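Trainee: Data file entry.cif (mmCIF, C-alpha atoms and all ligand atoms) is appended below.
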```cif
data_work
#
loop_
_atom_site.label_atom_id
_atom_site.label_comp_id
_atom_site.auth_asym_id
_atom_site.auth_seq_id
_atom_site.Cartn_x
_atom_site.Cartn_y
_atom_site.Cartn_z
CA MET A 1 -42.14 11.93 -9.48
CA ASN A 2 -39.09 14.02 -8.68
CA GLU A 3 -35.79 12.97 -10.16
CA LEU A 4 -33.27 13.04 -7.32
CA SER A 5 -29.99 14.77 -7.93
CA SER A 6 -27.06 12.40 -8.23
CA VAL A 7 -23.28 12.42 -7.94
CA PRO A 8 -21.27 13.62 -10.93
CA ILE A 9 -18.61 11.33 -12.30
CA SER A 10 -16.24 14.07 -13.25
CA GLY A 11 -14.15 16.53 -11.27
CA GLY A 12 -12.28 15.84 -8.04
CA CYS A 13 -9.64 13.16 -8.56
CA THR A 14 -11.30 11.77 -11.71
CA ASN A 15 -8.45 12.88 -13.94
CA THR A 16 -5.60 12.58 -11.44
CA PRO A 17 -2.86 10.62 -13.23
CA LEU A 18 -2.42 7.09 -11.89
CA LEU A 19 1.01 6.15 -10.58
CA LYS A 20 1.15 2.54 -11.76
CA GLU A 21 3.60 0.28 -9.94
CA ARG A 22 4.23 -3.36 -10.68
CA GLY A 23 6.82 -4.56 -8.19
CA GLN A 24 6.87 -6.66 -5.06
CA ARG A 25 3.61 -6.48 -3.13
CA GLU A 26 2.67 -7.23 0.44
CA VAL A 27 -0.89 -8.55 0.64
CA PHE A 28 -2.80 -11.66 1.68
CA CYS A 29 -4.10 -14.07 -0.94
CA GLY A 30 -7.73 -14.64 -1.97
CA LEU A 31 -8.19 -17.58 0.41
CA THR A 32 -8.78 -15.01 3.15
CA GLY A 33 -12.26 -14.26 1.76
CA ILE A 34 -13.38 -17.72 2.90
CA ILE A 35 -13.29 -16.43 6.46
CA TRP A 36 -16.24 -14.10 5.90
CA LEU A 37 -17.92 -15.98 3.04
CA HIS A 38 -18.41 -19.21 5.00
CA ARG A 39 -20.29 -17.28 7.67
CA LYS A 40 -22.50 -15.61 5.10
CA MET A 41 -23.42 -18.68 3.01
CA GLN A 42 -24.63 -21.04 5.66
CA ASP A 43 -24.99 -24.20 3.58
CA ALA A 44 -21.72 -23.78 1.68
CA PHE A 45 -18.40 -25.51 2.20
CA PHE A 46 -15.09 -24.21 0.89
CA LEU A 47 -12.64 -26.96 0.09
CA VAL A 48 -9.22 -25.50 -0.58
CA ILE A 49 -7.06 -27.68 -2.79
CA GLY A 50 -3.71 -26.60 -1.51
CA SER A 51 -0.62 -27.01 0.57
CA ARG A 52 0.06 -26.98 4.30
CA THR A 53 0.73 -23.24 4.01
CA CYS A 54 -2.85 -22.71 2.83
CA ALA A 55 -4.19 -24.80 5.71
CA HIS A 56 -2.14 -22.75 8.18
CA LEU A 57 -3.28 -19.45 6.72
CA LEU A 58 -6.93 -20.44 7.04
CA GLN A 59 -6.53 -21.81 10.52
CA SER A 60 -4.67 -18.83 11.88
CA ALA A 61 -6.89 -16.28 10.15
CA ALA A 62 -10.07 -18.01 11.27
CA GLY A 63 -8.93 -19.55 14.53
CA VAL A 64 -10.26 -16.88 16.80
CA MET A 65 -13.59 -16.62 15.05
CA ILE A 66 -14.80 -20.21 14.85
CA PHE A 67 -17.19 -21.45 17.45
CA ALA A 68 -18.90 -24.26 15.55
CA GLU A 69 -17.75 -26.92 13.13
CA PRO A 70 -16.10 -24.98 10.31
CA ARG A 71 -17.47 -24.97 6.80
CA PHE A 72 -14.08 -24.91 5.16
CA GLY A 73 -11.13 -27.21 4.98
CA THR A 74 -8.00 -27.94 3.02
CA ALA A 75 -7.41 -31.00 0.87
CA ILE A 76 -3.65 -31.10 1.10
CA LEU A 77 -1.90 -32.38 -1.97
CA GLU A 78 0.94 -34.61 -0.81
CA GLU A 79 3.92 -35.45 -2.98
CA LYS A 80 2.45 -38.86 -3.74
CA ASP A 81 -0.69 -37.27 -5.17
CA LEU A 82 1.40 -35.54 -7.74
CA ALA A 83 2.61 -38.71 -9.41
CA GLY A 84 -0.28 -38.47 -11.84
CA MET A 85 -3.11 -36.07 -12.39
CA ALA A 86 -5.56 -38.96 -12.66
CA ASP A 87 -4.62 -39.93 -9.09
CA ALA A 88 -5.08 -36.37 -7.91
CA HIS A 89 -8.59 -36.25 -9.40
CA GLU A 90 -9.48 -39.58 -7.79
CA GLU A 91 -8.15 -38.38 -4.46
CA LEU A 92 -10.22 -35.23 -4.76
CA ASP A 93 -13.35 -37.26 -5.57
CA ARG A 94 -12.75 -39.46 -2.52
CA GLU A 95 -12.21 -36.40 -0.32
CA VAL A 96 -15.47 -34.83 -1.56
CA GLU A 97 -17.40 -38.05 -1.04
CA ARG A 98 -16.13 -38.38 2.54
CA LEU A 99 -17.08 -34.77 3.21
CA LEU A 100 -20.58 -34.93 1.71
CA VAL A 101 -21.44 -38.19 3.48
CA ARG A 102 -20.34 -36.72 6.79
CA ARG A 103 -21.99 -33.34 6.25
CA PRO A 104 -25.48 -33.65 4.72
CA ASP A 105 -26.04 -29.94 5.52
CA ILE A 106 -23.71 -28.92 2.67
CA LYS A 107 -25.65 -27.74 -0.38
CA GLN A 108 -22.96 -25.70 -2.14
CA LEU A 109 -19.39 -26.83 -2.43
CA PHE A 110 -16.63 -24.54 -3.66
CA LEU A 111 -13.38 -26.11 -4.82
CA VAL A 112 -10.85 -23.36 -4.23
CA GLY A 113 -7.58 -23.41 -6.16
CA SER A 114 -4.29 -22.21 -4.66
CA CYS A 115 -0.66 -21.56 -5.60
CA PRO A 116 1.30 -24.81 -5.87
CA SER A 117 2.02 -25.51 -9.52
CA GLU A 118 0.50 -28.99 -9.18
CA VAL A 119 -2.79 -27.43 -8.09
CA ILE A 120 -2.69 -24.98 -10.96
CA LYS A 121 -2.30 -27.93 -13.33
CA LEU A 122 -5.40 -29.63 -11.87
CA ASP A 123 -8.44 -28.69 -13.92
CA LEU A 124 -10.77 -27.73 -11.08
CA SER A 125 -13.56 -26.55 -13.38
CA ARG A 126 -13.67 -30.03 -14.92
CA ALA A 127 -13.68 -31.53 -11.43
CA ALA A 128 -16.53 -29.20 -10.40
CA GLU A 129 -18.60 -30.22 -13.45
CA ARG A 130 -17.98 -33.91 -12.81
CA LEU A 131 -18.89 -33.61 -9.14
CA THR A 132 -21.98 -31.50 -9.88
CA GLN A 133 -23.27 -34.25 -12.13
CA LEU A 134 -22.54 -36.81 -9.45
CA TYR A 135 -24.24 -34.97 -6.59
CA ALA A 136 -26.97 -32.96 -8.36
CA PRO A 137 -29.48 -31.75 -7.39
CA ARG A 138 -28.52 -32.03 -3.71
CA VAL A 139 -25.20 -30.22 -3.99
CA ARG A 140 -23.97 -27.59 -6.42
CA VAL A 141 -20.20 -27.76 -6.96
CA LEU A 142 -18.36 -24.69 -8.24
CA ASN A 143 -14.73 -23.67 -8.41
CA TYR A 144 -12.61 -20.54 -8.26
CA SER A 145 -9.05 -19.56 -7.54
CA GLY A 146 -7.87 -18.03 -4.27
CA SER A 147 -4.23 -18.34 -5.26
CA GLY A 148 -1.89 -15.61 -4.09
CA ILE A 149 -0.43 -15.50 -7.60
CA GLU A 150 -3.77 -14.48 -9.07
CA THR A 151 -5.65 -12.80 -6.25
CA THR A 152 -5.22 -10.29 -3.44
CA PHE A 153 -7.28 -10.91 -0.35
CA THR A 154 -10.62 -9.36 -1.25
CA GLN A 155 -10.46 -10.73 -4.80
CA GLY A 156 -11.23 -14.17 -3.40
CA GLU A 157 -14.80 -13.01 -2.78
CA ASP A 158 -14.98 -11.56 -6.27
CA ALA A 159 -13.80 -14.83 -7.82
CA CYS A 160 -16.27 -16.79 -5.68
CA LEU A 161 -19.29 -14.65 -6.58
CA ALA A 162 -18.30 -14.50 -10.25
CA SER A 163 -18.19 -18.33 -10.29
CA MET A 164 -21.86 -18.37 -9.22
CA VAL A 165 -23.15 -16.08 -11.97
CA PRO A 166 -23.31 -18.68 -14.78
CA VAL A 167 -25.52 -20.97 -12.66
CA LEU A 168 -28.06 -18.32 -11.58
CA ASN A 169 -31.56 -19.10 -12.88
CA ASP A 170 -33.63 -16.70 -15.03
CA THR A 171 -36.44 -14.41 -13.98
CA GLU A 172 -38.36 -11.64 -15.72
CA GLU A 173 -39.24 -9.96 -12.43
CA ARG A 174 -38.22 -6.40 -11.69
CA GLN A 175 -35.83 -6.64 -8.77
CA LEU A 176 -32.76 -5.31 -7.03
CA ILE A 177 -29.72 -7.38 -6.02
CA LEU A 178 -27.22 -6.13 -3.45
CA VAL A 179 -23.93 -7.66 -4.48
CA GLY A 180 -21.22 -8.29 -1.90
CA ALA A 181 -21.05 -10.00 1.49
CA LEU A 182 -22.02 -7.61 4.26
CA PRO A 183 -22.25 -8.28 8.00
CA ASP A 184 -25.84 -9.33 8.80
CA VAL A 185 -26.54 -6.24 10.90
CA VAL A 186 -25.54 -3.92 8.04
CA GLU A 187 -27.42 -5.91 5.43
CA GLU A 188 -30.58 -5.79 7.54
CA GLN A 189 -30.35 -2.01 8.03
CA LEU A 190 -29.83 -1.33 4.32
CA ILE A 191 -32.61 -3.69 3.22
CA LYS A 192 -34.96 -2.09 5.75
CA MET A 193 -34.39 1.34 4.22
CA LEU A 194 -34.68 0.07 0.63
CA THR A 195 -37.93 -1.66 1.57
CA ALA A 196 -39.18 1.61 3.07
CA PHE A 197 -38.47 3.22 -0.32
CA GLY A 198 -41.08 0.82 -1.69
CA ILE A 199 -38.65 -1.32 -3.72
CA PRO A 200 -40.08 -4.81 -4.08
CA ASN A 201 -37.92 -7.92 -4.45
CA ILE A 202 -34.61 -7.08 -2.83
CA LYS A 203 -32.16 -9.96 -3.02
CA THR A 204 -28.54 -10.46 -2.02
CA LEU A 205 -25.58 -12.15 -3.63
CA PRO A 206 -24.22 -14.10 -1.84
CA ALA A 207 -27.46 -15.33 -0.28
CA ILE A 208 -27.71 -17.12 3.02
CA SER A 209 -28.44 -20.47 1.31
CA LYS A 210 -28.56 -22.16 -2.07
CA GLU A 211 -32.35 -21.99 -1.97
CA LYS A 212 -32.30 -18.20 -1.49
CA THR A 213 -29.76 -17.60 -4.28
CA PRO A 214 -31.23 -14.86 -6.51
CA TYR A 215 -32.57 -15.41 -9.99
CA ILE A 216 -31.47 -12.87 -12.60
CA GLY A 217 -32.76 -11.34 -15.82
CA LYS A 218 -32.95 -8.20 -17.91
CA ASN A 219 -35.32 -6.55 -15.41
CA THR A 220 -32.84 -7.02 -12.60
CA SER A 221 -30.74 -4.07 -11.47
CA PHE A 222 -27.84 -4.60 -9.14
CA VAL A 223 -25.66 -2.43 -6.97
CA LEU A 224 -22.25 -3.30 -5.57
CA ALA A 225 -21.90 -3.04 -1.82
CA GLN A 226 -18.13 -3.61 -2.03
CA PRO A 227 -15.70 -1.98 -4.45
CA PHE A 228 -13.64 -5.12 -5.07
CA LEU A 229 -16.21 -7.00 -7.13
CA GLY A 230 -15.17 -6.03 -10.67
CA GLU A 231 -15.24 -9.54 -12.15
CA THR A 232 -18.66 -10.27 -10.64
CA ALA A 233 -20.04 -6.95 -11.91
CA GLU A 234 -18.75 -7.72 -15.40
CA ALA A 235 -20.27 -11.21 -15.34
CA LEU A 236 -23.66 -9.87 -14.22
CA GLU A 237 -23.59 -7.12 -16.85
CA GLY A 238 -22.70 -9.81 -19.39
CA CYS A 239 -26.01 -11.50 -18.48
CA GLY A 240 -27.91 -8.29 -19.30
CA LEU A 241 -28.31 -6.91 -15.77
CA LYS A 242 -28.13 -3.19 -15.16
CA ARG A 243 -25.49 -1.94 -12.74
CA ILE A 244 -26.36 1.04 -10.56
CA LEU A 245 -23.28 3.21 -10.35
CA ALA A 246 -22.74 4.97 -7.02
CA PRO A 247 -20.18 5.92 -4.39
CA PHE A 248 -19.81 3.17 -1.78
CA PRO A 249 -21.90 3.35 1.39
CA PHE A 250 -19.31 4.59 3.87
CA GLY A 251 -20.26 7.50 6.10
CA ASP A 252 -23.18 9.88 5.63
CA GLN A 253 -22.18 11.07 2.16
CA GLY A 254 -21.39 7.63 0.69
CA THR A 255 -24.47 5.96 2.16
CA THR A 256 -26.76 8.79 1.06
CA GLU A 257 -25.43 8.83 -2.50
CA TRP A 258 -25.51 5.03 -2.73
CA LEU A 259 -29.13 4.97 -1.58
CA ARG A 260 -29.96 7.92 -3.86
CA ALA A 261 -28.62 6.13 -6.92
CA ILE A 262 -30.80 3.12 -6.11
CA ALA A 263 -33.79 5.37 -5.42
CA ASN A 264 -33.29 7.04 -8.83
CA GLU A 265 -33.20 3.69 -10.57
CA PHE A 266 -36.48 2.63 -8.96
CA GLY A 267 -38.28 5.98 -9.34
CA VAL A 268 -38.51 6.74 -5.62
CA SER A 269 -39.77 10.27 -4.92
CA ASN A 270 -37.67 12.88 -3.19
CA LYS A 271 -40.23 13.06 -0.41
CA VAL A 272 -40.03 9.35 0.38
CA PHE A 273 -36.24 9.43 0.10
CA GLU A 274 -35.98 12.28 2.63
CA LYS A 275 -38.48 10.68 4.99
CA VAL A 276 -36.57 7.41 5.09
CA THR A 277 -33.05 8.80 5.26
CA SER A 278 -33.22 12.05 7.25
CA ALA A 279 -33.18 10.66 10.81
CA PRO A 280 -30.37 8.10 10.27
CA ARG A 281 -28.38 10.76 8.36
CA ILE A 282 -28.51 13.10 11.34
CA ARG A 283 -27.43 10.27 13.65
CA ALA A 284 -24.55 9.40 11.31
CA ARG A 285 -23.35 13.01 11.10
CA LYS A 286 -23.40 13.45 14.86
CA ALA A 287 -21.58 10.18 15.46
CA VAL A 288 -18.89 11.01 12.89
CA GLU A 289 -18.48 14.52 14.27
CA ALA A 290 -17.83 13.16 17.75
CA ALA A 291 -15.46 10.42 16.60
CA ALA A 292 -13.56 12.58 14.12
CA VAL A 293 -12.32 15.17 16.63
CA ARG A 294 -8.91 13.48 16.68
CA LEU A 295 -8.82 13.14 12.89
CA ARG A 296 -9.38 16.73 11.77
CA GLY A 297 -6.36 18.26 10.07
CA LYS A 298 -4.43 14.97 10.22
CA SER A 299 -2.91 13.28 7.18
CA VAL A 300 -3.40 9.72 5.94
CA PHE A 301 -1.43 7.46 3.58
CA PHE A 302 -3.01 4.31 2.12
CA PHE A 303 -0.96 1.30 1.04
CA PRO A 304 -2.82 -0.92 -1.44
CA ASP A 305 -4.64 -3.76 0.24
CA SER A 306 -8.38 -4.35 0.04
CA GLN A 307 -9.60 -2.05 -2.78
CA LEU A 308 -11.63 -0.20 -0.15
CA GLU A 309 -8.97 2.53 -0.13
CA ILE A 310 -10.61 5.07 -2.48
CA PRO A 311 -14.08 5.07 -0.87
CA LEU A 312 -12.49 5.16 2.59
CA ALA A 313 -10.24 8.06 1.62
CA ARG A 314 -13.32 9.91 0.38
CA PHE A 315 -14.95 9.39 3.78
CA LEU A 316 -11.88 10.50 5.74
CA VAL A 317 -11.30 13.59 3.62
CA ASN A 318 -14.87 14.79 3.18
CA GLU A 319 -16.41 13.80 6.50
CA CYS A 320 -13.54 13.63 8.96
CA GLY A 321 -11.50 16.60 7.73
CA MET A 322 -8.36 14.58 6.96
CA ARG A 323 -5.82 15.18 4.20
CA ALA A 324 -4.99 12.21 1.99
CA ILE A 325 -1.33 12.15 0.93
CA GLU A 326 -1.38 8.98 -1.16
CA ILE A 327 -4.26 6.64 -1.92
CA GLY A 328 -2.81 3.31 -3.02
CA ALA A 329 -5.12 0.57 -4.29
CA PRO A 330 -4.27 -2.85 -5.75
CA TYR A 331 -6.45 -2.00 -8.77
CA VAL A 332 -8.27 1.17 -9.72
CA HIS A 333 -11.39 0.35 -11.75
CA LYS A 334 -12.66 3.80 -12.60
CA SER A 335 -15.90 2.27 -13.82
CA ILE A 336 -16.48 1.14 -10.23
CA VAL A 337 -14.84 3.74 -7.97
CA GLY A 338 -15.37 6.67 -10.37
CA PRO A 339 -18.15 8.26 -8.28
CA ASP A 340 -15.95 8.14 -5.15
CA LEU A 341 -12.95 9.56 -7.01
CA ALA A 342 -15.08 12.43 -8.29
CA LEU A 343 -15.94 13.39 -4.70
CA ILE A 344 -12.34 13.53 -3.45
CA PRO A 345 -10.85 17.01 -3.90
CA GLU A 346 -7.70 17.06 -6.04
CA GLY A 347 -4.42 16.74 -4.16
CA PRO A 348 -3.51 13.17 -3.19
CA VAL A 349 -1.24 10.89 -5.22
CA LEU A 350 -3.29 8.06 -6.67
CA SER A 351 -1.30 4.84 -7.04
CA GLU A 352 -2.24 1.45 -8.44
CA GLY A 353 -0.37 -1.79 -7.74
CA GLN A 354 2.74 -1.72 -5.63
CA ASP A 355 6.48 -1.54 -5.54
CA VAL A 356 6.72 -1.83 -1.81
CA ASP A 357 10.21 -0.33 -1.33
CA LEU A 358 9.45 2.74 -3.42
CA GLN A 359 6.15 3.23 -1.66
CA LEU A 360 7.75 2.85 1.77
CA GLU A 361 10.22 5.56 0.80
CA ARG A 362 7.41 7.91 -0.19
CA CYS A 363 5.58 7.15 3.04
CA ARG A 364 8.61 7.75 5.28
CA LYS A 365 9.27 11.03 3.52
CA ALA A 366 5.66 12.21 3.88
CA LYS A 367 5.47 11.24 7.59
CA PRO A 368 1.68 10.77 7.61
CA ASP A 369 -0.24 10.91 10.86
CA ILE A 370 -1.89 7.57 9.99
CA THR A 371 -0.70 4.88 7.58
CA VAL A 372 -3.28 2.32 6.50
CA CYS A 373 -1.52 -0.90 5.53
CA GLY A 374 -1.38 -4.67 5.79
CA LEU A 375 -0.15 -6.56 8.84
CA GLY A 376 3.25 -7.23 7.30
CA LEU A 377 4.07 -3.54 7.01
CA ALA A 378 2.36 -2.28 10.16
CA ASN A 379 4.85 -3.61 12.71
CA PRO A 380 8.02 -2.30 11.05
CA LEU A 381 6.38 1.08 10.42
CA GLU A 382 5.21 1.31 14.05
CA GLY A 383 8.80 0.50 15.00
CA GLU A 384 9.91 3.50 12.96
CA GLY A 385 7.49 5.74 14.85
CA LEU A 386 4.61 5.89 12.37
CA THR A 387 1.03 5.30 13.49
CA THR A 388 -0.68 2.53 11.54
CA LYS A 389 -4.13 1.14 10.97
CA TRP A 390 -4.52 -2.47 9.83
CA ALA A 391 -6.41 -2.50 6.57
CA ILE A 392 -7.77 -6.00 7.20
CA GLU A 393 -9.72 -4.77 10.24
CA LEU A 394 -11.76 -2.57 7.93
CA VAL A 395 -12.90 -5.64 6.02
CA PHE A 396 -13.83 -7.66 9.11
CA THR A 397 -15.66 -4.89 11.00
CA PRO A 398 -19.18 -3.66 10.15
CA VAL A 399 -18.41 -0.25 8.63
CA HIS A 400 -21.02 0.32 5.90
CA GLY A 401 -24.15 2.41 6.30
CA TYR A 402 -25.37 5.23 8.51
CA GLU A 403 -25.39 3.40 11.82
CA GLN A 404 -21.76 2.32 11.48
CA ALA A 405 -20.41 5.69 10.29
CA GLY A 406 -19.29 6.73 13.79
CA ASP A 407 -17.57 3.37 14.32
CA LEU A 408 -15.76 3.77 11.02
CA ALA A 409 -14.33 7.13 12.09
CA SER A 410 -13.45 5.64 15.49
CA LEU A 411 -11.46 2.85 13.86
CA PHE A 412 -9.11 5.49 12.46
CA ALA A 413 -9.12 7.63 15.61
CA ARG A 414 -8.14 4.72 17.86
CA PRO A 415 -4.50 4.34 16.80
CA LEU A 416 -4.01 8.10 17.26
CA LYS A 417 -5.48 7.89 20.74
CA ARG A 418 -3.23 4.94 21.55
CA LYS A 419 -0.24 6.97 20.43
CA GLU A 420 -1.23 9.91 22.63
CA VAL A 421 -1.66 7.64 25.64
CA LEU A 422 1.74 6.03 25.03
CA LYS A 423 3.37 9.44 24.88
CA LEU A 424 1.96 10.49 28.28
FE1 LIG B 501 0.04 -19.18 0.33
FE2 LIG B 501 -0.83 -19.40 -2.15
FE3 LIG B 501 -1.88 -20.97 -0.27
FE4 LIG B 501 -2.42 -18.35 -0.30
S1 LIG B 501 -3.01 -19.84 -1.85
S2 LIG B 501 -1.84 -19.56 1.50
S3 LIG B 501 -0.49 -17.48 -1.05
S4 LIG B 501 0.23 -21.00 -0.98
#
```
Would you encode the structure as structure tokens?
Mentor:
Amino acid sequence: MNELSSVPISGGCTNTPLLKERGQREVFCGLTGIIWLHRKMQDAFFLVIGSRTCAHLLQSAAGVMIFAEPRFGTAILEEKDLAGMADAHEELDREVERLLVRRPDIKQLFLVGSCPSEVIKLDLSRAAERLTQLYAPRVRVLNYSGSGIETTFTQGEDACLASMVPVLNDTEERQLILVGALPDVVEEQLIKMLTAFGIPNIKTLPAISKEKTPYIGKNTSFVLAQPFLGETAEALEGCGLKRILAPFPFGDQGTTEWLRAIANEFGVSNKVFEKVTSAPRIRARKAVEAAAVRLRGKSVFFFPDSQLEIPLARFLVNECGMRAIEIGAPYVHKSIVGPDLALIPEGPVLSEGQDVDLQLERCRKAKPDITVCGLGLANPLEGEGLTTKWAIELVFTPVHGYEQAGDLASLFARPLKRKEVLKL
């Protein structure tokens, strides 16, 4: 069998010094992840133990997307609940009982912690254990924190998936797990190609239901589909699973190298690899070429937001002909984004964390053609004449894989087009 060539993890921006900033930051909290996780895990319920602010965030973030009875809610801690922790635990138990009686479809319940100091004092892991014992085996109760103090918006998913790892059952079977919530259409496309490689037993984490949750063991290899899952990756590696290191599947290059790394791990021949990937690769290249006309030669500046920044910058630079001025990410885990960094030619500033005023100054001075940032920064920057792209849209839109590569380029081209139209 031919060994397929794979991406180096040296060169490019690998050794670019990191500008580390630890000041005020402008990002959503980890509760945001519930918006896409509740759609993915169809028998799960996310019960946020929080304040009215948390309830408002969830409602406004999810409001436009909910067509059925939601599978998340907020147990609001009122002042009176705070008189004693024992009362708070009893109140939580009552809330859970009411919920589970009303909703027999719930098989997994996540207690999600938030910011108020009273919530932080509540031992949610103890509550989850107590409630698991009470409702087992019908319902599995887990807990994680989505607090804005501890998490940025995509870290909520990481904390959620990491909380599941200790309860995954054992298997000796050789298998592959795709880790990270992907839109169904993308997941189906990727699994179809991996199946065509001849890889048996392809599972996903999160799975659609408790019943389909993957088993794990030392013969399990996993690959991250999202770059913000560092804690989950560490937990899985801690259980003896092998992580397949690869660039992330954005655009032709990222998708090909991601698939190639998996193919290498499972001994897929070069011939099979080419047969499965050549047609969709050509489609992806053509679609990107058409959509990237407006992007060629333009510059881009990334504020830290979702941790997708480095793989996306790689796509924009290598496939759309853009120039990255600064690539800011909330965290830079080289052990995860190393392969993407290695593929970005030297040049951009690489920053980790944020001191928003300093970064705004750098951005204004650089006058990028596109600034990728959170909602809070986008409006003022547009007001100053800069063209912005909302980072959150990149998390909510299907952008992974070959078939979405053109759409991904279009997402960045759209604000430039809007600007041109406004100028006319
Ligand atoms: Fe706000 Fe914290 Fe609640 Fe998030 S978890 S909505 S940051 S109070």
Trainee: Which residues are near ligand LIG 501 (chain B) in this structure, taking near to mean any atom at most 6 Å from a ligand atom and counting only C-alpha atoms and all ligand atoms? Format them as a PyMOL selection string.
Mentor: chain A and resi 29+31+53-54+57+114-115+146-148
Trainee: Measuring between all atoms listed in the file, which one of A:Leu122, A:Cys239, A:Ala391, A:Leu194 shows the shortest distance to Leu168 (chain A)?
Mentor: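 Smallest separation from Leu168 (chain A) among the options: A:Cys239.
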Trainee: Got a sec: who's within 9 Å of region 265-278 of chain A, counting all atoms listed in the file, leaving out chain neighbours fewer than 3 positions off, as a ChimeraX atom specification?
Mentor: /A:1-4,176,193-194,196-199,221,244,256,259-262,281-283
Trainee: Find the distance between CA of Ala329 (chain A) and CA of Glu309 (chain A) and write it in Å to one decimal.
Mentor: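 CA of Ala329 (chain A) sits 6.0 Å away from CA of Glu309 (chain A).
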Trainee: Would you kindly identify which residues have an atom no farther than 12 Å from (-20.9, -32.9, 9.6), using all atoms listed in the file and the file's own coordinates, and write them out as an MDAnalysis selection string?
Mentor: chainID A and resid 43 45 68:72 98:106
Trainee: Just checking: using all atoms listed in the file, which residue out of A:Ile149, A:Leu341, A:Leu134, A:Ala62 ends up closest to Pro116 (chain A)?
Mentor: A:Ile149
Trainee: Residues at most 7 Å from Gln307 (chain A), counting only C-alpha atoms, excluding those fewer than 6 positions away in the same chain, as a list in words?
Mentor: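 Near Gln307 (chain A), the qualifying residues are Pro227, Phe228, Ala329, Pro330 and Tyr331 of chain A.
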Trainee: Mind checking which residues fall within 9 Å of Gly374 (chain A), counting only C-alpha atoms, ignoring those fewer than 2 positions away in the same chain, and posting them as a PDB file with C-alpha atoms, keeping the file's coordinate frame?
Mentor:
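Everything below was put into result_7.pdb:
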```
ATOM      1  CA  GLU A  26       2.670  -7.230   0.440  1.00  0.00           C
ATOM      2  CA  VAL A  27      -0.890  -8.550   0.640  1.00  0.00           C
ATOM      3  CA  PHE A  28      -2.800 -11.660   1.680  1.00  0.00           C
ATOM      4  CA  PHE A 303      -0.960   1.300   1.040  1.00  0.00           C
ATOM      5  CA  PRO A 304      -2.820  -0.920  -1.440  1.00  0.00           C
ATOM      6  CA  ASP A 305      -4.640  -3.760   0.240  1.00  0.00           C
ATOM      7  CA  VAL A 372      -3.280   2.320   6.500  1.00  0.00           C
ATOM      8  CA  GLY A 376       3.250  -7.230   7.300  1.00  0.00           C
ATOM      9  CA  LEU A 377       4.070  -3.540   7.010  1.00  0.00           C
ATOM     10  CA  ALA A 378       2.360  -2.280  10.160  1.00  0.00           C
ATOM     11  CA  LYS A 389      -4.130   1.140  10.970  1.00  0.00           C
ATOM     12  CA  TRP A 390      -4.520  -2.470   9.830  1.00  0.00           C
ATOM     13  CA  ALA A 391      -6.410  -2.500   6.570  1.00  0.00           C
ATOM     14  CA  ILE A 392      -7.770  -6.000   7.200  1.00  0.00           C
TER      15      ILE A 392
END
```
Trainee: Would you kindly return, as a PyMOL selection string, each protein, DNA or RNA residue with an atom no farther than 8 Å from any atom of Leu205 (chain A), considering all atoms listed in the file and excluding same-chain residues fewer than 3 positions away?
Mentor: chain A and resi 161+177-181+213-214
Trainee: Using all atoms listed in the file, which of A:Val48, A:Leu245, A:Val356, A:Leu394 sits nearest Ser306 (chain A)?
Mentor: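 Distance minimum relative to Ser306 (chain A) lands on A:Leu394.
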Trainee: Ranking A:Val185, A:Ile191, A:Ala61, A:Val119 by minimum distance to Gln404 (chain A) and counting only C-alpha atoms, which one comes first?
Mentor: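 Selected residue with least distance to Gln404 (chain A): A:Val185.
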Trainee: Identify which of the residues A:His38, A:Arg285, A:Lys334, A:Arg364 lies closest to Ala405 (chain A), counting all atoms listed in the file when measuring atom-to-atom distances.
Mentor: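 Answer, going by the shortest atom-to-atom distance: A:Arg285.
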Trainee: A:Asn169, A:Ala44, A:Ala342, A:Cys160: which is nearest Val139 (chain A), counting only C-alpha atoms?
Mentor: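 Nearest candidate to Val139 (chain A) out of A:Asn169, A:Ala44, A:Ala342, A:Cys160: A:Ala44.
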Trainee: Using all atoms listed in the file - which residues lie no farther than 12 Å from the point (8.3, -2.7, -6.6) in the file's frame? Write them as a list in words.
Mentor: Lys20, Glu21, Arg22, Gly23, Gln24, Arg25, Glu26, Glu352, Gly353, Gln354, Asp355, Val356, Asp357, Leu358, Gln359, Leu360 and Glu361 of chain A
Trainee: Would you compute the distance between CA of Pro247 (chain A) and CA of Gly338 (chain A)? Give it in Å to one decimal.
Mentor: 7.7 Å
Trainee: Please indicate the distance in Å from CA of Ala284 (chain A) to CA of Lys417 (chain A), rounded to one decimal place.
Mentor: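 These two atoms are separated by 21.3 Å.
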Trainee: Excluding Ala233 (chain A) and any residue of its chain fewer than 4 positions from it, enumerate the residues within 10 Å of it, using all atoms listed in the file, and give them as a tab-separated table (two decimals) with C-alpha atoms, in the frame of the given file.
Mentor:
```tsv
chain	number	residue	atom	x	y	z
A	158	ASP	CA	-14.98	-11.56	-6.27
A	161	LEU	CA	-19.29	-14.65	-6.58
A	162	ALA	CA	-18.30	-14.50	-10.25
A	165	VAL	CA	-23.15	-16.08	-11.97
A	179	VAL	CA	-23.93	-7.66	-4.48
A	222	PHE	CA	-27.84	-4.60	-9.14
A	223	VAL	CA	-25.66	-2.43	-6.97
A	224	LEU	CA	-22.25	-3.30	-5.57
A	227	PRO	CA	-15.70	-1.98	-4.45
A	228	PHE	CA	-13.64	-5.12	-5.07
A	229	LEU	CA	-16.21	-7.00	-7.13
A	237	GLU	CA	-23.59	-7.12	-16.85
A	238	GLY	CA	-22.70	-9.81	-19.39
A	239	CYS	CA	-26.01	-11.50	-18.48
A	241	LEU	CA	-28.31	-6.91	-15.77
A	242	LYS	CA	-28.13	-3.19	-15.16
A	243	ARG	CA	-25.49	-1.94	-12.74
A	336	ILE	CA	-16.48	1.14	-10.23
```
